[in-house]
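File shown here: run35.cif, holding mmCIF, C-alpha atoms.
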```
data_model
loop_
_atom_site.label_atom_id
_atom_site.label_comp_id
_atom_site.auth_asym_id
_atom_site.auth_seq_id
_atom_site.Cartn_x
_atom_site.Cartn_y
_atom_site.Cartn_z
CA VAL A 874 0.00 0.00 0.00
CA ALA A 875 1.13 3.57 -0.66
CA GLU A 876 0.31 6.97 0.80
CA ASP A 877 -1.73 7.86 -2.27
CA SER A 878 -4.05 4.99 -1.16
CA GLU A 879 -3.13 2.79 -4.12
CA THR A 880 -3.08 -0.89 -3.18
CA CYS A 881 -1.04 -3.24 -5.36
CA ILE A 882 -1.04 -7.05 -5.32
CA TRP A 883 2.07 -8.89 -6.53
CA ARG A 884 2.85 -12.49 -7.37
CA PRO A 885 5.84 -13.37 -5.12
CA ALA A 886 7.32 -16.06 -7.36
CA THR A 887 7.62 -13.81 -10.42
CA GLY A 888 7.39 -10.25 -9.09
CA GLN A 889 4.47 -9.65 -11.46
CA GLN A 890 1.87 -7.09 -10.40
CA ILE A 891 -1.46 -8.83 -10.79
CA PHE A 892 -3.88 -6.23 -9.45
CA SER A 893 -4.09 -2.66 -8.18
CA TYR A 894 -6.82 -0.29 -7.14
CA VAL A 895 -7.27 3.09 -5.45
CA ASP A 896 -9.66 4.28 -2.75
CA THR A 897 -11.58 6.82 -4.84
CA GLU A 898 -13.27 8.33 -1.78
CA ARG A 899 -10.04 9.26 -0.03
CA ASP A 900 -8.99 12.78 0.90
CA ASN A 901 -5.83 14.22 2.42
CA GLU A 902 -6.58 12.50 5.74
CA THR A 903 -7.29 8.98 4.48
CA PHE A 904 -3.92 7.75 3.28
CA VAL A 905 -3.63 3.99 3.78
CA ALA A 906 -1.31 3.17 6.69
CA CYS A 907 -1.55 -0.65 7.02
CA ALA A 908 -3.10 -3.70 5.38
CA ALA A 909 -3.67 -7.42 5.91
CA PHE A 910 -5.43 -10.28 4.14
CA ASP A 911 -8.14 -12.28 5.88
CA ASP A 912 -7.46 -15.93 6.72
CA ASN A 913 -8.88 -17.11 3.39
CA GLY A 914 -6.90 -14.62 1.34
CA ARG A 915 -10.07 -13.42 -0.38
CA ARG A 916 -10.46 -10.01 1.20
CA LEU A 917 -8.03 -7.21 2.00
CA VAL A 918 -8.40 -5.13 5.15
CA THR A 919 -6.82 -1.65 5.28
CA GLY A 920 -6.49 1.02 7.96
CA ASP A 921 -5.97 4.70 7.21
CA HIS A 922 -4.74 7.93 8.77
CA ALA A 923 -8.29 9.02 9.61
CA GLY A 924 -8.94 5.98 11.81
CA VAL A 925 -11.17 4.06 9.37
CA VAL A 926 -10.77 0.36 8.60
CA ARG A 927 -12.07 -0.81 5.23
CA VAL A 928 -12.71 -4.33 3.92
CA TRP A 929 -12.14 -4.84 0.18
CA ASN A 930 -13.02 -7.54 -2.30
CA PHE A 931 -9.59 -8.66 -3.40
CA SER A 932 -10.72 -9.82 -6.84
CA ASN A 933 -12.36 -6.59 -8.06
CA GLY A 934 -11.28 -3.82 -5.66
CA ALA A 935 -14.83 -3.10 -4.43
CA CYS A 936 -15.12 -1.73 -0.87
CA ILE A 937 -17.40 -4.11 1.05
CA LYS A 938 -17.71 -2.18 4.32
CA ASN A 939 -16.24 0.60 6.42
CA MET A 940 -15.44 0.11 10.09
CA SER A 941 -15.36 3.25 12.19
CA LYS A 942 -14.24 3.85 15.76
CA PRO A 943 -15.04 6.53 18.35
CA LYS A 944 -13.11 9.75 17.81
CA ASP A 945 -10.66 10.84 20.49
CA PRO A 946 -9.75 14.51 19.96
CA SER A 947 -6.78 14.22 22.33
CA HIS A 948 -4.95 11.69 20.13
CA ARG A 949 -4.21 11.03 16.47
CA GLU A 950 -6.62 8.57 14.86
CA GLU A 951 -4.27 6.70 12.50
CA VAL A 952 -4.74 2.92 12.39
CA THR A 953 -1.28 1.35 12.59
CA GLY A 954 -2.09 -2.36 12.31
CA VAL A 955 -5.01 -4.67 11.45
CA ILE A 956 -5.57 -8.40 11.96
CA CYS A 957 -8.37 -10.87 11.26
CA TYR A 958 -9.12 -13.77 13.63
CA GLU A 959 -11.79 -16.27 14.66
CA PHE A 960 -13.07 -17.00 18.15
CA GLU A 961 -15.89 -19.42 19.00
CA ASP A 962 -16.91 -19.70 15.33
CA LYS A 963 -17.20 -15.92 14.93
CA ARG A 964 -14.95 -13.72 12.85
CA PHE A 965 -13.44 -10.49 14.09
CA ILE A 966 -11.21 -7.68 12.85
CA ALA A 967 -9.00 -5.78 15.30
CA GLY A 968 -6.95 -2.66 14.81
CA SER A 969 -4.25 -0.86 16.77
CA SER A 970 -3.97 2.91 16.50
CA TRP A 971 -2.29 6.10 17.66
CA ASP A 972 -5.13 6.73 20.13
CA ARG A 973 -3.58 3.98 22.31
CA LYS A 974 -6.59 1.67 22.01
CA VAL A 975 -7.37 -1.65 20.37
CA THR A 976 -10.68 -1.56 18.51
CA VAL A 977 -12.50 -4.81 17.66
CA TRP A 978 -15.34 -5.26 15.16
CA PHE A 979 -17.54 -8.25 14.35
CA ASP A 980 -16.76 -9.43 10.82
CA ASP A 981 -20.17 -10.68 9.77
CA SER A 982 -20.47 -11.88 6.17
CA ASP A 983 -23.82 -10.10 5.85
CA ASP A 984 -22.47 -6.70 6.95
CA SER A 985 -22.09 -3.87 4.46
CA GLY A 986 -21.81 -0.12 4.68
CA GLU A 987 -20.82 1.26 8.09
CA VAL A 988 -19.93 -1.10 10.96
CA THR A 989 -19.54 0.09 14.56
CA PRO A 990 -17.12 -1.43 17.10
CA TYR A 991 -17.90 -4.47 19.20
CA MET A 992 -15.30 -3.61 21.85
CA GLN A 993 -12.40 -1.28 22.64
CA MET A 994 -9.45 -2.13 24.88
CA GLN A 995 -7.12 0.41 26.45
CA GLY A 996 -3.75 -0.64 25.16
CA LEU A 997 -0.60 1.25 26.07
CA SER A 998 0.44 4.38 27.90
CA ASP A 999 2.00 5.46 24.61
CA ASP A 1000 1.18 5.17 20.92
CA MET A 1001 0.56 1.71 19.39
CA LEU A 1002 2.45 0.60 16.30
CA THR A 1003 1.64 -3.09 15.79
CA ILE A 1004 -0.82 -5.84 16.67
CA ALA A 1005 -0.78 -9.67 16.57
CA PHE A 1006 -3.15 -12.55 17.41
CA CYS A 1007 -2.47 -16.04 18.74
CA TYR A 1008 -4.97 -18.92 18.94
CA PRO A 1009 -7.09 -19.44 20.94
CA LYS A 1010 -7.62 -15.97 22.40
CA SER A 1011 -4.47 -13.91 22.93
CA LEU A 1012 -3.97 -10.54 21.29
CA ALA A 1013 -0.76 -8.53 21.65
CA THR A 1014 0.11 -4.91 20.92
CA ALA A 1015 3.35 -2.93 21.07
CA GLY A 1016 4.40 0.63 20.52
CA THR A 1017 6.67 3.58 20.98
CA ASP A 1018 7.51 3.03 24.66
CA GLY A 1019 8.98 -0.44 24.06
CA SER A 1020 6.22 -2.31 25.88
CA ILE A 1021 4.26 -5.35 24.68
CA ASN A 1022 0.83 -5.94 26.18
CA ILE A 1023 -1.09 -9.20 25.86
CA PHE A 1024 -4.89 -9.22 26.16
CA ASP A 1025 -7.60 -11.82 26.55
CA ILE A 1026 -9.86 -11.14 23.56
CA GLU A 1027 -12.94 -12.50 25.32
CA SER A 1028 -12.82 -10.20 28.34
CA GLY A 1029 -10.57 -7.42 27.05
CA TYR A 1030 -8.44 -7.87 30.17
CA LYS A 1031 -4.72 -7.10 29.94
CA LYS A 1032 -2.98 -10.29 31.11
CA HIS A 1033 0.74 -9.66 30.65
CA THR A 1034 3.15 -6.81 30.03
CA LEU A 1035 6.67 -7.15 28.61
CA GLN A 1036 9.13 -4.28 28.49
CA SER A 1037 12.04 -3.72 26.13
CA THR A 1038 14.98 -1.79 27.55
CA LYS A 1039 17.28 0.58 25.75
CA LEU A 1040 20.60 -0.99 24.84
CA PRO A 1041 23.77 0.85 25.89
CA GLY A 1042 25.04 3.06 23.08
CA SER A 1043 22.15 2.04 20.81
CA THR A 1044 21.19 5.01 18.65
CA PRO A 1045 20.74 3.56 15.15
CA ARG A 1046 18.09 5.94 13.93
CA GLY A 1047 20.11 8.96 14.94
CA ARG A 1048 22.53 8.08 12.13
CA GLY A 1049 19.86 7.42 9.55
CA THR A 1050 18.35 9.70 6.97
CA VAL A 1051 15.85 11.28 9.39
CA ALA A 1052 17.35 13.08 12.36
CA SER A 1053 14.19 14.02 14.29
CA ASP A 1054 14.10 13.38 18.04
CA GLU A 1055 11.09 11.12 17.55
CA LEU A 1056 12.98 8.72 15.29
CA LYS A 1057 15.94 8.61 17.67
CA ASN A 1058 13.75 6.73 20.15
CA THR A 1059 15.26 3.26 19.99
CA LEU A 1060 12.51 1.71 22.13
CA TYR A 1061 10.05 1.76 19.21
CA VAL A 1062 8.59 -1.72 18.61
CA GLU A 1063 7.54 -1.73 14.97
CA LYS A 1064 6.44 -5.37 14.66
CA ILE A 1065 5.44 -8.31 16.85
CA LEU A 1066 4.57 -11.87 15.86
CA PHE A 1067 3.53 -15.07 17.62
CA LEU A 1068 5.38 -18.19 16.48
CA GLU A 1069 2.36 -20.46 16.76
CA ASN A 1070 4.29 -23.55 15.70
CA LYS A 1071 7.21 -22.79 18.04
CA ASN A 1072 5.39 -22.93 21.38
CA LYS A 1073 3.86 -19.47 20.75
CA VAL A 1074 7.08 -17.58 21.38
CA ILE A 1075 6.68 -13.84 20.70
CA ILE A 1076 9.23 -12.09 18.51
CA SER A 1077 9.56 -8.32 18.25
CA ALA A 1078 11.67 -5.89 16.24
CA GLY A 1079 12.11 -2.16 16.18
CA ALA A 1080 14.25 0.91 16.13
CA ASP A 1081 17.36 -0.49 17.83
CA GLY A 1082 17.97 -3.01 15.03
CA HIS A 1083 17.58 -6.10 17.26
CA ILE A 1084 15.16 -9.03 17.20
CA ARG A 1085 13.83 -10.09 20.59
CA PHE A 1086 12.37 -13.48 21.53
CA TRP A 1087 9.96 -13.51 24.50
CA GLU A 1088 8.74 -16.39 26.65
CA GLY A 1089 5.81 -16.36 29.06
CA PRO A 1090 2.69 -18.00 30.51
CA TRP A 1091 0.76 -17.61 27.25
CA MET A 1092 2.89 -20.46 25.84
CA GLU A 1093 1.56 -24.00 25.56
CA VAL A 1094 4.57 -25.41 27.44
CA LEU A 1095 5.86 -23.12 30.18
CA PRO A 1096 9.61 -22.46 30.32
CA ALA A 1097 11.47 -24.10 33.18
CA GLY A 1098 10.98 -22.26 36.45
CA MET A 1099 8.08 -20.10 35.19
CA ASN A 1100 4.56 -20.28 36.61
CA SER A 1101 1.23 -19.16 35.15
CA THR A 1102 1.21 -15.87 37.09
CA ALA A 1103 4.51 -14.58 35.67
CA GLN A 1104 4.60 -11.64 33.26
CA GLY A 1105 7.08 -13.23 30.87
CA LYS A 1106 10.73 -12.60 30.08
CA LEU A 1107 13.20 -11.81 27.34
CA ALA A 1108 14.66 -15.16 26.25
CA LEU A 1109 16.98 -14.09 23.43
CA LEU A 1110 18.31 -10.85 21.96
CA VAL A 1111 19.67 -11.03 18.40
CA PRO A 1112 21.38 -8.15 16.57
CA ALA A 1113 19.83 -8.28 13.11
CA GLY A 1114 22.96 -6.93 11.45
CA HIS A 1115 21.13 -4.77 8.94
CA TRP A 1116 22.70 -1.67 7.46
CA PRO A 1117 24.46 0.23 10.29
CA GLY A 1118 22.33 2.97 11.81
CA LEU A 1119 18.95 1.69 10.62
CA GLY A 1120 16.11 0.26 12.66
CA LEU A 1121 13.87 -2.68 11.75
CA VAL A 1122 10.35 -1.95 10.51
CA ASP A 1123 8.85 -5.37 9.74
CA LEU A 1124 8.99 -9.11 10.36
CA ALA A 1125 7.31 -12.06 8.68
CA VAL A 1126 7.41 -15.85 9.04
CA ASP A 1127 6.36 -18.78 6.88
CA GLU A 1128 3.47 -21.02 7.94
CA GLU A 1129 5.77 -23.56 9.58
CA ASN A 1130 7.68 -20.83 11.47
CA ASN A 1131 10.98 -22.12 10.05
CA ILE A 1132 11.92 -19.01 8.06
CA LEU A 1133 11.98 -15.46 9.41
CA ILE A 1134 12.15 -12.36 7.22
CA SER A 1135 13.30 -9.02 8.63
CA ALA A 1136 13.22 -5.64 6.88
CA ASP A 1137 14.78 -2.29 7.75
CA GLU A 1138 13.82 1.32 7.08
CA ALA A 1139 16.22 1.59 4.12
CA GLY A 1140 14.49 -1.23 2.25
CA PHE A 1141 16.97 -4.03 2.95
CA VAL A 1142 15.52 -7.50 3.63
CA LYS A 1143 17.12 -10.52 5.33
CA GLY A 1144 16.06 -14.16 5.54
CA TRP A 1145 16.73 -16.24 8.68
CA ASP A 1146 16.60 -19.98 9.35
#
```
Take the structure in the file and write it out as structure tokens.
Amino acid sequence: VAEDSETCIWRPATGQQIFSYVDTERDNETFVACAAFDDNGRRLVTGDHAGVVRVWNFSNGACIKNMSKPKDPSHREEVTGVICYEFEDKRFIAGSSWDRKVTVWFDDSDDSGEVTPYMQMQGLSDDMLTIAFCYPKSLATAGTDGSINIFDIESGYKKHTLQSTKLPGSTPRGRGTVASDELKNTLYVEKILFLENKNKVIISAGADGHIRFWEGPWMEVLPAGMNSTAQGKLALLVPAGHWPGLGLVDLAVDEENNILISADEAGFVKGWD
């Protein structure tokens, strides 16, 4: 997705662009900020700078429905991450945003037009940047203060909090192309993922150029010496070794969780076994 709200679909094996479309109703406040496919790969879900989540028919680019959330004049509305998940045979869409909340909508097949939220959860004390889901009912968010919060999607209760710490001498973004004070914050967590096939370990990446692996009571098999009331812990810290001075902005894994892909803010991509 691009800031002009054009969405392009590419065939990974060949690099061929197979489809593109533009949100014709956009204005200067509705640039697309994030996107995700649903579990079936038939619909695309996007979030924009104005705080609206839209569901699109992947095959023809038609907008199926708009999902709005309550306005909070004290915070920016931008949606920073979207995910689709199922719980008790019902489908949901959740979004993280700059207003420090997680908004959840029912994803009913019969819905069209405007859809209002099913639930909102207070997420972080600072802005949210990413969101992830793990079966059966764990949802995690992370943001600019380096914290990761894990929620129970049924109750909305925050179950666990993990906290990244600033590494000594770690100022990668200060040497990058953007020198603003905001981008020098090396606690930024830009992406989190659950490794569902690796005992539900959480991995995170962000502005300090490191990949973190987290263990905790949300895992199917608890780590040695950890009980179900613990908050969790940092199990492994890996310097990603991307271009010096650049933070990480994205992570992805294959379905078997055997291959990890990391990407930095200069456009470099690495593959990990």
Report task. Name the residues in contact with Leu1068 in chain A at a cut-off of 10 Å, using only C-alpha atoms, excluding same-chain residues fewer than 6 positions from it; report them as an MDAnalysis selection string. Result -> chainID A and resid 1007 1074:1076 1086 1092 1126:1131
Query raised in the report: Near Phe979 in chain A, counting only C-alpha atoms, which residues have an atom at most 7 Å away, once you skip same-chain residues fewer than 6 positions from it, shown as a list in words?
Result: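 Non-adjacent residues within range: Arg964, Phe965, Ile966 and Tyr991 of chain A.
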List every residue of range 962-991 of chain A that has an atom at most 10 Å from any atom of range 1019-1043 of chain A, and for each one report the closest atom pair and its distance in Å to one decimal, counting only C-alpha atoms, with rows sorted by chain and then by increasing residue number, as a tab-separated table.
```
residue	atom	partner	partner_atom	distance
A:Ala967	CA	A:Ile1026	CA	9.9
A:Val975	CA	A:Gly1029	CA	9.4
A:Val977	CA	A:Ile1026	CA	9.0
```
Query raised in the report: Can you list what the PyMOL selection byres ((chain A and resi 940) around 7) grabs from this structure, as an NGL selection string?
Result: :A and (925-927 or 938-939 or 941-942 or 987-989)
Query raised in the report: Which residues match the PyMOL selection byres ((chain A and resi 919) around 9) in the file above, as a PyMOL selection string?
Result: chain A and resi 874+905-910+917-918+920-921+925-929+952+954-955
**Report entry** the PyMOL selection byres ((chain A and resi 1123) around 7) applied to the shown file, residues as a ChimeraX atom specification
**Finding:** /A:1063-1064,1121-1122,1124-1125,1135-1137
Report task. Determine, counting only C-alpha atoms, which protein, DNA and RNA residues have an atom within 8 Å of an atom of Phe1006 in chain A; residues of the same chain fewer than 6 positions away are not included. Present the result as number ranges by chain. Result -> A: 956, 958, 1012-1013, 1066-1067
